[in-house]
>>> print(open('data.pdb').read())   # PDB, C-alpha atoms
MODEL        1
ATOM      1  CA  ASP A   1      -2.922  -6.099 -22.810  1.00  0.00           C
ATOM      2  CA  ALA A   2      -3.595  -8.924 -20.345  1.00  0.00           C
ATOM      3  CA  GLY A   3      -7.154  -9.447 -21.527  1.00  0.00           C
ATOM      4  CA  ILE A   4      -8.847  -7.746 -18.584  1.00  0.00           C
ATOM      5  CA  THR A   5     -12.271  -6.220 -18.961  1.00  0.00           C
ATOM      6  CA  GLN A   6     -14.458  -4.527 -16.412  1.00  0.00           C
ATOM      7  CA  SER A   7     -18.198  -4.037 -16.515  1.00  0.00           C
ATOM      8  CA  PRO A   8     -19.945  -1.759 -16.302  1.00  0.00           C
ATOM      9  CA  ARG A   9     -17.521   1.020 -17.152  1.00  0.00           C
ATOM     10  CA  HIS A  10     -19.765   3.674 -15.649  1.00  0.00           C
ATOM     11  CA  LYS A  11     -22.608   3.381 -13.185  1.00  0.00           C
ATOM     12  CA  VAL A  12     -24.767   5.817 -11.271  1.00  0.00           C
ATOM     13  CA  THR A  13     -26.830   4.398  -8.457  1.00  0.00           C
ATOM     14  CA  GLU A  14     -28.661   5.506  -5.357  1.00  0.00           C
ATOM     15  CA  THR A  15     -27.713   5.098  -1.741  1.00  0.00           C
ATOM     16  CA  GLY A  16     -28.875   1.804  -0.304  1.00  0.00           C
ATOM     17  CA  THR A  17     -29.005  -0.147  -3.538  1.00  0.00           C
ATOM     18  CA  PRO A  18     -26.834  -3.205  -4.194  1.00  0.00           C
ATOM     19  CA  VAL A  19     -24.178  -2.943  -6.873  1.00  0.00           C
ATOM     20  CA  THR A  20     -22.021  -5.624  -8.467  1.00  0.00           C
ATOM     21  CA  LEU A  21     -18.944  -4.890 -10.531  1.00  0.00           C
ATOM     22  CA  ARG A  22     -17.434  -7.566 -12.723  1.00  0.00           C
ATOM     23  CA  CYS A  23     -13.828  -8.198 -13.643  1.00  0.00           C
ATOM     24  CA  HIS A  24     -13.174 -10.683 -16.410  1.00  0.00           C
ATOM     25  CA  GLN A  25      -9.866 -12.098 -17.579  1.00  0.00           C
ATOM     26  CA  THR A  26      -9.218 -14.398 -20.487  1.00  0.00           C
ATOM     27  CA  GLU A  27      -5.895 -16.028 -19.546  1.00  0.00           C
ATOM     28  CA  ASN A  28      -6.599 -18.091 -16.404  1.00  0.00           C
ATOM     29  CA  HIS A  29      -4.361 -16.097 -14.083  1.00  0.00           C
ATOM     30  CA  ARG A  30      -4.537 -17.141 -10.473  1.00  0.00           C
ATOM     31  CA  TYR A  31      -4.367 -13.798  -8.660  1.00  0.00           C
ATOM     32  CA  MET A  32      -6.964 -11.071  -9.052  1.00  0.00           C
ATOM     33  CA  TYR A  33      -7.438  -7.812  -7.123  1.00  0.00           C
ATOM     34  CA  TRP A  34      -9.945  -5.053  -6.617  1.00  0.00           C
ATOM     35  CA  TYR A  35      -8.764  -1.511  -5.840  1.00  0.00           C
ATOM     36  CA  ARG A  36     -10.493   1.784  -5.412  1.00  0.00           C
ATOM     37  CA  GLN A  37      -9.029   5.167  -6.266  1.00  0.00           C
ATOM     38  CA  ASP A  38     -10.271   8.460  -4.931  1.00  0.00           C
ATOM     39  CA  PRO A  39      -9.186  11.934  -6.064  1.00  0.00           C
ATOM     40  CA  GLY A  40      -5.703  12.807  -4.925  1.00  0.00           C
ATOM     41  CA  HIS A  41      -4.996   9.318  -3.674  1.00  0.00           C
ATOM     42  CA  GLY A  42      -3.222   6.282  -4.874  1.00  0.00           C
ATOM     43  CA  LEU A  43      -5.021   3.000  -5.246  1.00  0.00           C
ATOM     44  CA  ARG A  44      -6.201   1.149  -2.153  1.00  0.00           C
ATOM     45  CA  LEU A  45      -6.709  -2.586  -2.090  1.00  0.00           C
ATOM     46  CA  ILE A  46     -10.244  -3.745  -1.271  1.00  0.00           C
ATOM     47  CA  HIS A  47     -10.088  -7.522  -1.697  1.00  0.00           C
ATOM     48  CA  TYR A  48      -8.018 -10.001  -3.608  1.00  0.00           C
ATOM     49  CA  SER A  49      -8.256 -13.595  -4.737  1.00  0.00           C
ATOM     50  CA  TYR A  50      -5.594 -16.250  -5.031  1.00  0.00           C
ATOM     51  CA  GLY A  51      -7.777 -18.889  -6.653  1.00  0.00           C
ATOM     52  CA  VAL A  52     -11.335 -20.032  -7.203  1.00  0.00           C
ATOM     53  CA  LYS A  53     -13.260 -19.471  -3.969  1.00  0.00           C
ATOM     54  CA  ASP A  54     -10.068 -18.241  -2.275  1.00  0.00           C
ATOM     55  CA  THR A  55     -10.305 -14.594  -1.305  1.00  0.00           C
ATOM     56  CA  ASP A  56      -8.949 -12.298   1.365  1.00  0.00           C
ATOM     57  CA  LYS A  57      -9.432  -8.785   2.616  1.00  0.00           C
ATOM     58  CA  GLY A  58      -7.367  -5.764   1.697  1.00  0.00           C
ATOM     59  CA  GLU A  59      -6.952  -2.506   3.573  1.00  0.00           C
ATOM     60  CA  VAL A  60     -10.418  -1.043   2.828  1.00  0.00           C
ATOM     61  CA  SER A  61     -12.739  -4.058   2.740  1.00  0.00           C
ATOM     62  CA  ASP A  62     -15.571  -2.769   4.948  1.00  0.00           C
ATOM     63  CA  GLY A  63     -18.815  -2.524   2.986  1.00  0.00           C
ATOM     64  CA  TYR A  64     -17.567  -4.752   0.182  1.00  0.00           C
ATOM     65  CA  SER A  65     -17.762  -8.451  -0.562  1.00  0.00           C
ATOM     66  CA  VAL A  66     -16.260 -10.490  -3.376  1.00  0.00           C
ATOM     67  CA  SER A  67     -16.803 -13.793  -5.066  1.00  0.00           C
ATOM     68  CA  ARG A  68     -14.812 -15.901  -7.456  1.00  0.00           C
ATOM     69  CA  SER A  69     -16.709 -18.959  -8.595  1.00  0.00           C
ATOM     70  CA  LYS A  70     -14.603 -19.453 -11.720  1.00  0.00           C
ATOM     71  CA  THR A  71     -11.071 -18.470 -12.638  1.00  0.00           C
ATOM     72  CA  GLU A  72     -11.969 -15.827 -15.168  1.00  0.00           C
ATOM     73  CA  ASP A  73     -14.428 -13.759 -13.133  1.00  0.00           C
ATOM     74  CA  PHE A  74     -13.932 -11.774  -9.934  1.00  0.00           C
ATOM     75  CA  LEU A  75     -17.017  -9.962  -8.695  1.00  0.00           C
ATOM     76  CA  LEU A  76     -17.096  -7.028  -6.296  1.00  0.00           C
ATOM     77  CA  THR A  77     -20.387  -6.375  -4.517  1.00  0.00           C
ATOM     78  CA  LEU A  78     -21.511  -3.366  -2.568  1.00  0.00           C
ATOM     79  CA  GLU A  79     -24.414  -4.805  -0.561  1.00  0.00           C
ATOM     80  CA  SER A  80     -25.872  -1.377   0.203  1.00  0.00           C
ATOM     81  CA  ALA A  81     -24.070   1.412  -1.603  1.00  0.00           C
ATOM     82  CA  THR A  82     -23.165   4.590   0.262  1.00  0.00           C
ATOM     83  CA  SER A  83     -21.963   7.943  -1.049  1.00  0.00           C
ATOM     84  CA  SER A  84     -18.524   7.250   0.429  1.00  0.00           C
ATOM     85  CA  GLN A  85     -18.189   4.409  -2.059  1.00  0.00           C
ATOM     86  CA  THR A  86     -18.276   6.813  -4.978  1.00  0.00           C
ATOM     87  CA  SER A  87     -14.948   6.083  -6.592  1.00  0.00           C
ATOM     88  CA  VAL A  88     -13.117   4.616  -9.543  1.00  0.00           C
ATOM     89  CA  TYR A  89     -12.673   0.875  -9.165  1.00  0.00           C
ATOM     90  CA  PHE A  90      -9.806  -0.958 -10.806  1.00  0.00           C
ATOM     91  CA  CYS A  91      -9.407  -4.674 -11.213  1.00  0.00           C
ATOM     92  CA  ALA A  92      -5.966  -6.205 -11.653  1.00  0.00           C
ATOM     93  CA  ILE A  93      -4.339  -9.554 -12.236  1.00  0.00           C
ATOM     94  CA  THR A  94      -0.841 -10.810 -11.601  1.00  0.00           C
ATOM     95  CA  ALA A  95       0.929 -12.100 -14.659  1.00  0.00           C
ATOM     96  CA  GLY A  96       4.101 -11.859 -16.668  1.00  0.00           C
ATOM     97  CA  ALA A  97       7.676 -12.841 -16.110  1.00  0.00           C
ATOM     98  CA  TYR A  98       7.957 -10.763 -12.934  1.00  0.00           C
ATOM     99  CA  ASN A  99       4.460 -11.376 -11.544  1.00  0.00           C
ATOM    100  CA  GLU A 100       3.670  -7.763 -12.159  1.00  0.00           C
ATOM    101  CA  GLN A 101       0.120  -6.509 -11.958  1.00  0.00           C
ATOM    102  CA  PHE A 102      -1.922  -5.626 -15.017  1.00  0.00           C
ATOM    103  CA  PHE A 103      -4.892  -3.363 -14.550  1.00  0.00           C
ATOM    104  CA  GLY A 104      -8.263  -3.145 -16.191  1.00  0.00           C
ATOM    105  CA  PRO A 105      -9.683   0.102 -17.585  1.00  0.00           C
ATOM    106  CA  GLY A 106     -11.607   0.963 -14.438  1.00  0.00           C
ATOM    107  CA  THR A 107     -15.247   1.431 -13.465  1.00  0.00           C
ATOM    108  CA  ARG A 108     -16.465   4.840 -12.421  1.00  0.00           C
ATOM    109  CA  LEU A 109     -19.173   4.433  -9.782  1.00  0.00           C
ATOM    110  CA  THR A 110     -21.273   7.318  -8.505  1.00  0.00           C
ATOM    111  CA  VAL A 111     -23.551   6.789  -5.527  1.00  0.00           C
ATOM    112  CA  LEU A 112     -26.108   9.562  -5.126  1.00  0.00           C
TER     113      LEU A 112
ATOM    114  CA  ASP B   1       3.929  -2.683   5.402  1.00  0.00           C
ATOM    115  CA  ALA B   2       7.116  -0.827   4.588  1.00  0.00           C
ATOM    116  CA  LYS B   3       6.414   2.638   3.249  1.00  0.00           C
ATOM    117  CA  THR B   4       7.911   4.874   0.617  1.00  0.00           C
ATOM    118  CA  THR B   5       8.311   8.634   0.374  1.00  0.00           C
ATOM    119  CA  GLN B   6       8.170  10.448  -2.945  1.00  0.00           C
ATOM    120  CA  PRO B   7       7.924  14.117  -3.920  1.00  0.00           C
ATOM    121  CA  ASN B   8       4.377  15.146  -4.715  1.00  0.00           C
ATOM    122  CA  SER B   9       5.294  16.546  -8.098  1.00  0.00           C
ATOM    123  CA  MET B  10       8.149  17.079 -10.506  1.00  0.00           C
ATOM    124  CA  GLU B  11       8.541  18.875 -13.765  1.00  0.00           C
ATOM    125  CA  SER B  12      10.698  18.101 -16.765  1.00  0.00           C
ATOM    126  CA  ASN B  13      11.277  19.248 -20.298  1.00  0.00           C
ATOM    127  CA  GLU B  14      10.707  17.055 -23.274  1.00  0.00           C
ATOM    128  CA  GLU B  15      13.710  15.020 -24.433  1.00  0.00           C
ATOM    129  CA  GLU B  16      15.582  15.623 -21.187  1.00  0.00           C
ATOM    130  CA  PRO B  17      16.363  12.948 -18.587  1.00  0.00           C
ATOM    131  CA  VAL B  18      14.172  12.694 -15.517  1.00  0.00           C
ATOM    132  CA  HIS B  19      15.230  11.314 -12.165  1.00  0.00           C
ATOM    133  CA  LEU B  20      12.354  10.384  -9.881  1.00  0.00           C
ATOM    134  CA  PRO B  21      13.495   9.727  -6.301  1.00  0.00           C
ATOM    135  CA  CYS B  22      12.011   7.394  -3.718  1.00  0.00           C
ATOM    136  CA  ASN B  23      12.996   6.888  -0.093  1.00  0.00           C
ATOM    137  CA  HIS B  24      12.260   3.604   1.656  1.00  0.00           C
ATOM    138  CA  SER B  25      14.330   3.665   4.799  1.00  0.00           C
ATOM    139  CA  THR B  26      12.440   0.792   6.481  1.00  0.00           C
ATOM    140  CA  ILE B  27      12.833  -1.630   3.599  1.00  0.00           C
ATOM    141  CA  SER B  28      13.351  -5.243   4.601  1.00  0.00           C
ATOM    142  CA  GLY B  29      15.687  -7.720   2.985  1.00  0.00           C
ATOM    143  CA  THR B  30      12.907  -9.499   1.089  1.00  0.00           C
ATOM    144  CA  ASP B  31      11.177  -6.389  -0.271  1.00  0.00           C
ATOM    145  CA  TYR B  32      11.336  -5.775  -3.999  1.00  0.00           C
ATOM    146  CA  ILE B  33      11.236  -2.178  -5.238  1.00  0.00           C
ATOM    147  CA  HIS B  34       8.559  -1.770  -7.883  1.00  0.00           C
ATOM    148  CA  TRP B  35       7.636   1.229  -9.995  1.00  0.00           C
ATOM    149  CA  TYR B  36       4.298   1.693 -11.663  1.00  0.00           C
ATOM    150  CA  ARG B  37       2.916   4.676 -13.493  1.00  0.00           C
ATOM    151  CA  GLN B  38      -0.614   5.834 -14.150  1.00  0.00           C
ATOM    152  CA  LEU B  39      -1.393   7.815 -17.243  1.00  0.00           C
ATOM    153  CA  PRO B  40      -4.428  10.115 -17.137  1.00  0.00           C
ATOM    154  CA  SER B  41      -7.741   8.228 -17.080  1.00  0.00           C
ATOM    155  CA  GLN B  42      -6.037   4.825 -17.146  1.00  0.00           C
ATOM    156  CA  GLY B  43      -5.132   2.094 -14.716  1.00  0.00           C
ATOM    157  CA  PRO B  44      -1.564   1.855 -13.496  1.00  0.00           C
ATOM    158  CA  GLU B  45       1.037   0.044 -15.576  1.00  0.00           C
ATOM    159  CA  TYR B  46       4.205  -1.712 -14.521  1.00  0.00           C
ATOM    160  CA  VAL B  47       7.431   0.119 -15.273  1.00  0.00           C
ATOM    161  CA  ILE B  48      10.317  -1.704 -13.648  1.00  0.00           C
ATOM    162  CA  HIS B  49      11.420  -3.448 -10.480  1.00  0.00           C
ATOM    163  CA  GLY B  50      14.579  -4.504  -8.702  1.00  0.00           C
ATOM    164  CA  LEU B  51      15.971  -6.012  -5.532  1.00  0.00           C
ATOM    165  CA  THR B  52      19.578  -4.927  -5.092  1.00  0.00           C
ATOM    166  CA  SER B  53      21.179  -4.282  -8.459  1.00  0.00           C
ATOM    167  CA  ASN B  54      20.445  -1.526 -10.935  1.00  0.00           C
ATOM    168  CA  VAL B  55      18.027  -2.570 -13.669  1.00  0.00           C
ATOM    169  CA  ASN B  56      17.319  -1.414 -17.196  1.00  0.00           C
ATOM    170  CA  ASN B  57      14.442  -2.124 -19.518  1.00  0.00           C
ATOM    171  CA  ARG B  58      12.939  -0.514 -22.565  1.00  0.00           C
ATOM    172  CA  MET B  59      10.912   1.941 -20.499  1.00  0.00           C
ATOM    173  CA  ALA B  60      13.332   3.110 -17.830  1.00  0.00           C
ATOM    174  CA  SER B  61      16.268   2.423 -15.557  1.00  0.00           C
ATOM    175  CA  LEU B  62      16.174   1.814 -11.837  1.00  0.00           C
ATOM    176  CA  ALA B  63      19.097   2.839  -9.686  1.00  0.00           C
ATOM    177  CA  ILE B  64      19.121   1.326  -6.186  1.00  0.00           C
ATOM    178  CA  ALA B  65      21.289   2.696  -3.411  1.00  0.00           C
ATOM    179  CA  GLU B  66      23.808   0.343  -1.910  1.00  0.00           C
ATOM    180  CA  ASP B  67      21.972   0.316   1.444  1.00  0.00           C
ATOM    181  CA  ARG B  68      18.652  -0.072  -0.418  1.00  0.00           C
ATOM    182  CA  LYS B  69      17.106   2.772   1.535  1.00  0.00           C
ATOM    183  CA  SER B  70      16.444   4.783  -1.574  1.00  0.00           C
ATOM    184  CA  SER B  71      16.042   4.323  -5.297  1.00  0.00           C
ATOM    185  CA  THR B  72      15.700   6.461  -8.406  1.00  0.00           C
ATOM    186  CA  LEU B  73      13.638   5.836 -11.490  1.00  0.00           C
ATOM    187  CA  ILE B  74      15.349   7.265 -14.542  1.00  0.00           C
ATOM    188  CA  LEU B  75      13.568   8.167 -17.739  1.00  0.00           C
ATOM    189  CA  HIS B  76      16.367   8.786 -20.182  1.00  0.00           C
ATOM    190  CA  ARG B  77      14.504  11.069 -22.568  1.00  0.00           C
ATOM    191  CA  ALA B  78      11.148  12.259 -21.351  1.00  0.00           C
ATOM    192  CA  THR B  79       8.334  12.548 -23.858  1.00  0.00           C
ATOM    193  CA  LEU B  80       4.920  14.120 -23.483  1.00  0.00           C
ATOM    194  CA  ARG B  81       3.510  10.603 -23.177  1.00  0.00           C
ATOM    195  CA  ASP B  82       5.541  10.086 -20.006  1.00  0.00           C
ATOM    196  CA  ALA B  83       3.404  12.611 -18.139  1.00  0.00           C
ATOM    197  CA  ALA B  84       1.830  10.494 -15.414  1.00  0.00           C
ATOM    198  CA  VAL B  85       1.774   9.716 -11.713  1.00  0.00           C
ATOM    199  CA  TYR B  86       4.707   7.492 -10.814  1.00  0.00           C
ATOM    200  CA  TYR B  87       4.395   5.150  -7.855  1.00  0.00           C
ATOM    201  CA  CYS B  88       7.301   3.632  -5.983  1.00  0.00           C
ATOM    202  CA  ILE B  89       6.105   0.510  -4.152  1.00  0.00           C
ATOM    203  CA  LEU B  90       7.744  -2.055  -1.940  1.00  0.00           C
ATOM    204  CA  ARG B  91       6.433  -5.524  -2.596  1.00  0.00           C
ATOM    205  CA  GLU B  92       6.996  -8.068   0.123  1.00  0.00           C
ATOM    206  CA  GLY B  93       8.221 -11.472  -0.824  1.00  0.00           C
ATOM    207  CA  GLY B  94       5.488 -14.072  -0.368  1.00  0.00           C
ATOM    208  CA  SER B  95       2.764 -11.454  -0.053  1.00  0.00           C
ATOM    209  CA  ASN B  96       0.385 -12.783  -2.679  1.00  0.00           C
ATOM    210  CA  TYR B  97       1.956 -10.092  -4.875  1.00  0.00           C
ATOM    211  CA  LYS B  98      -0.084  -7.387  -3.191  1.00  0.00           C
ATOM    212  CA  LEU B  99       0.839  -3.776  -3.855  1.00  0.00           C
ATOM    213  CA  THR B 100       0.398  -0.862  -1.472  1.00  0.00           C
ATOM    214  CA  PHE B 101       0.175   2.388  -3.406  1.00  0.00           C
ATOM    215  CA  GLY B 102       1.113   5.743  -1.952  1.00  0.00           C
ATOM    216  CA  LYS B 103       0.220   9.037  -3.570  1.00  0.00           C
ATOM    217  CA  GLY B 104       3.096   8.900  -6.020  1.00  0.00           C
ATOM    218  CA  THR B 105       4.846  11.686  -7.931  1.00  0.00           C
ATOM    219  CA  LEU B 106       2.965  13.622 -10.563  1.00  0.00           C
ATOM    220  CA  LEU B 107       5.376  14.165 -13.442  1.00  0.00           C
ATOM    221  CA  THR B 108       4.671  17.052 -15.779  1.00  0.00           C
ATOM    222  CA  VAL B 109       6.574  17.131 -19.077  1.00  0.00           C
ATOM    223  CA  ASN B 110       6.849  20.468 -20.809  1.00  0.00           C
ATOM    224  CA  PRO B 111       7.154  20.663 -24.599  1.00  0.00           C
TER     225      PRO B 111
ENDMDL
END
>>> encode(input="data.pdb", output="structure tokens")
Amino acid sequence: DAGITQSPRHKVTETGTPVTLRCHQTENHRYMYWYRQDPGHGLRLIHYSYGVKDTDKGEVSDGYSVSRSKTEDFLLTLESATSSQTSVYFCAITAGAYNEQFFGPGTRLTVL
Amino acid sequence: DAKTTQPNSMESNEEEPVHLPCNHSTISGTDYIHWYRQLPSQGPEYVIHGLTSNVNNRMASLAIAEDRKSSTLILHRATLRDAAVYYCILREGGSNYKLTFGKGTLLTVNP
């Protein structure tokens, strides 16, 4: 357990509303990531961070923004949620002897 | 990004060895071969990784072909708790440790 929590764990929202998902870690790891996972697919990287205020895009970043104002929190924002953003969102950090990734429990987001 | 090819699904019996193959014919010299698995309703977890030599840890073994164009994850005695999707991933050196997941192999373990 790398001390990663995600909130909320479940959320139902309506199209056009803003949504913010939070990833929190307790061990001051530098790298953090946001992925989405859709049925029948592996995880796809949305955005990642390599330090406070240092972020970069992943392969599916359109429609998403991120912020990291302090080491322990990495926020994912959907400015105007769409039904295509219905998914399970996983946060991860890089840690350990081999810089492997450790994943949070996931947030299930439904956009109606 | 270099890509990997895995079978969509495999089946095994409990307490038998399982060999999960992965092809990565376009691997570059600085790519590490990583394996993660995802249990039902959970996030992925790291299993093992290697560069050129075979590797063992408490979870599994990783056998890497001499030309590095393929690898095999070996579970020595499958248990019901090993039922998961297994992902073979190439991680580029100096890539901010990013991972590119494919669809993986769904392993079913029969009692």
>>> resolve_selection(input="data.pdb", expression="the ChimeraX specification (/B :<10) & /A", output="PDB file with C-alpha atoms, keeping the file's coordinate frame")
ATOM      1  CA  TYR A  31      -4.367 -13.798  -8.660  1.00  0.00           C
ATOM      2  CA  MET A  32      -6.964 -11.071  -9.052  1.00  0.00           C
ATOM      3  CA  TYR A  33      -7.438  -7.812  -7.123  1.00  0.00           C
ATOM      4  CA  GLN A  37      -9.029   5.167  -6.266  1.00  0.00           C
ATOM      5  CA  GLY A  40      -5.703  12.807  -4.925  1.00  0.00           C
ATOM      6  CA  HIS A  41      -4.996   9.318  -3.674  1.00  0.00           C
ATOM      7  CA  GLY A  42      -3.222   6.282  -4.874  1.00  0.00           C
ATOM      8  CA  LEU A  43      -5.021   3.000  -5.246  1.00  0.00           C
ATOM      9  CA  ARG A  44      -6.201   1.149  -2.153  1.00  0.00           C
ATOM     10  CA  LEU A  45      -6.709  -2.586  -2.090  1.00  0.00           C
ATOM     11  CA  TYR A  48      -8.018 -10.001  -3.608  1.00  0.00           C
ATOM     12  CA  SER A  49      -8.256 -13.595  -4.737  1.00  0.00           C
ATOM     13  CA  TYR A  50      -5.594 -16.250  -5.031  1.00  0.00           C
ATOM     14  CA  GLY A  58      -7.367  -5.764   1.697  1.00  0.00           C
ATOM     15  CA  GLU A  59      -6.952  -2.506   3.573  1.00  0.00           C
ATOM     16  CA  VAL A  88     -13.117   4.616  -9.543  1.00  0.00           C
ATOM     17  CA  TYR A  89     -12.673   0.875  -9.165  1.00  0.00           C
ATOM     18  CA  PHE A  90      -9.806  -0.958 -10.806  1.00  0.00           C
ATOM     19  CA  CYS A  91      -9.407  -4.674 -11.213  1.00  0.00           C
ATOM     20  CA  ALA A  92      -5.966  -6.205 -11.653  1.00  0.00           C
ATOM     21  CA  ILE A  93      -4.339  -9.554 -12.236  1.00  0.00           C
ATOM     22  CA  THR A  94      -0.841 -10.810 -11.601  1.00  0.00           C
ATOM     23  CA  TYR A  98       7.957 -10.763 -12.934  1.00  0.00           C
ATOM     24  CA  ASN A  99       4.460 -11.376 -11.544  1.00  0.00           C
ATOM     25  CA  GLU A 100       3.670  -7.763 -12.159  1.00  0.00           C
ATOM     26  CA  GLN A 101       0.120  -6.509 -11.958  1.00  0.00           C
ATOM     27  CA  PHE A 102      -1.922  -5.626 -15.017  1.00  0.00           C
ATOM     28  CA  PHE A 103      -4.892  -3.363 -14.550  1.00  0.00           C
ATOM     29  CA  GLY A 104      -8.263  -3.145 -16.191  1.00  0.00           C
ATOM     30  CA  PRO A 105      -9.683   0.102 -17.585  1.00  0.00           C
ATOM     31  CA  GLY A 106     -11.607   0.963 -14.438  1.00  0.00           C
TER      32      GLY A 106
END
>>> atom_distance(input="data.pdb", atom1="CA of Ala63 in chain B", atom2="CA of Ala95 in chain A")
24.0 Å
>>> atom_distance(input="data.pdb", atom1="CA of Arg37 in chain B", atom2="CA of Leu75 in chain B")
12.0 Å
>>> residues_around(input="data.pdb", residues="Leu62 in chain B", least_positions_apart="6", cutoff="8 Å", atoms="only C-alpha atoms", output="JSON list (two decimals) with C-alpha atoms, in the coordinates of the input")
[["chain", "number", "residue", "atom", "x", "y", "z"],
["B", 48, "ILE", "CA", 10.32, -1.70, -13.65],
["B", 49, "HIS", "CA", 11.42, -3.45, -10.48],
["B", 50, "GLY", "CA", 14.58, -4.50, -8.70],
["B", 54, "ASN", "CA", 20.44, -1.53, -10.94],
["B", 55, "VAL", "CA", 18.03, -2.57, -13.67],
["B", 56, "ASN", "CA", 17.32, -1.41, -17.20],
["B", 71, "SER", "CA", 16.04, 4.32, -5.30],
["B", 72, "THR", "CA", 15.70, 6.46, -8.41],
["B", 73, "LEU", "CA", 13.64, 5.84, -11.49],
["B", 74, "ILE", "CA", 15.35, 7.26, -14.54]]
>>> atom_distance(input="data.pdb", atom1="CA of His24 in chain B", atom2="CA of Glu11 in chain B")
22.0 Å
>>> resolve_selection(input="data.pdb", expression="the PyMOL selection byres ((chain B and resi 25) around 10)", output="JSON, numbers by chain")
{"B": [2, 3, 4, 5, 22, 23, 24, 26, 27, 28, 67, 68, 69, 70]}
>>> write_last_selection(input="data.pdb", atoms="C-alpha atoms", output="compact mmCIF listing (two decimals), in the frame of the given file")
# COMPACT_ATOMS: atom_id res chain seq x y z
CA ALA B 2 7.12 -0.83 4.59
CA LYS B 3 6.41 2.64 3.25
CA THR B 4 7.91 4.87 0.62
CA THR B 5 8.31 8.63 0.37
CA CYS B 22 12.01 7.39 -3.72
CA ASN B 23 13.00 6.89 -0.09
CA HIS B 24 12.26 3.60 1.66
CA THR B 26 12.44 0.79 6.48
CA ILE B 27 12.83 -1.63 3.60
CA SER B 28 13.35 -5.24 4.60
CA ASP B 67 21.97 0.32 1.44
CA ARG B 68 18.65 -0.07 -0.42
CA LYS B 69 17.11 2.77 1.54
CA SER B 70 16.44 4.78 -1.57
>>> resolve_selection(input="data.pdb", expression="the PyMOL selection byres ((chain A and resi 12) around 9)", output="compact mmCIF listing (two decimals) with C-alpha atoms, in the coordinates of the input")
# COMPACT_ATOMS: atom_id res chain seq x y z
CA HIS A 10 -19.76 3.67 -15.65
CA LYS A 11 -22.61 3.38 -13.18
CA THR A 13 -26.83 4.40 -8.46
CA GLU A 14 -28.66 5.51 -5.36
CA ARG A 108 -16.46 4.84 -12.42
CA LEU A 109 -19.17 4.43 -9.78
CA THR A 110 -21.27 7.32 -8.51
CA VAL A 111 -23.55 6.79 -5.53
CA LEU A 112 -26.11 9.56 -5.13
>>> closest_residue(input="data.pdb", among="B:Cys88, B:Thr52, B:Pro40, B:Ser95", to="Gln6 in chain B", atoms="only C-alpha atoms")
B:Cys88
>>> closest_residue(input="data.pdb", among="B:Thr105, B:Ser53, B:Asn13, B:Asn8", to="Tyr32 in chain B", atoms="only C-alpha atoms")
B:Ser53
>>> decode(input="data.pdb", residues="range 7-24 of chain A", atoms="C-alpha atoms", output="mmCIF file, in the first residue's frame")
data_model
loop_
_atom_site.group_PDB
_atom_site.id
_atom_site.type_symbol
_atom_site.label_atom_id
_atom_site.label_comp_id
_atom_site.auth_asym_id
_atom_site.auth_seq_id
_atom_site.Cartn_x
_atom_site.Cartn_y
_atom_site.Cartn_z
ATOM 1 C CA SER A 7 -12.039 10.829 -3.874
ATOM 2 C CA PRO A 8 -14.815 10.516 -4.568
ATOM 3 C CA ARG A 9 -14.930 6.784 -5.183
ATOM 4 C CA HIS A 10 -18.181 7.025 -7.110
ATOM 5 C CA LYS A 11 -19.834 9.977 -8.782
ATOM 6 C CA VAL A 12 -22.831 10.464 -11.026
ATOM 7 C CA THR A 13 -23.122 13.795 -12.760
ATOM 8 C CA GLU A 14 -24.871 15.401 -15.685
ATOM 9 C CA THR A 15 -23.494 16.421 -19.032
ATOM 10 C CA GLY A 16 -22.034 19.904 -18.996
ATOM 11 C CA THR A 17 -21.207 20.072 -15.311
ATOM 12 C CA PRO A 18 -17.652 20.466 -14.009
ATOM 13 C CA VAL A 19 -16.143 17.574 -12.095
ATOM 14 C CA THR A 20 -12.950 17.373 -10.059
ATOM 15 C CA LEU A 21 -11.369 14.125 -8.951
ATOM 16 C CA ARG A 22 -8.728 14.113 -6.255
ATOM 17 C CA CYS A 23 -5.728 11.866 -5.810
ATOM 18 C CA HIS A 24 -3.913 12.062 -2.504
#
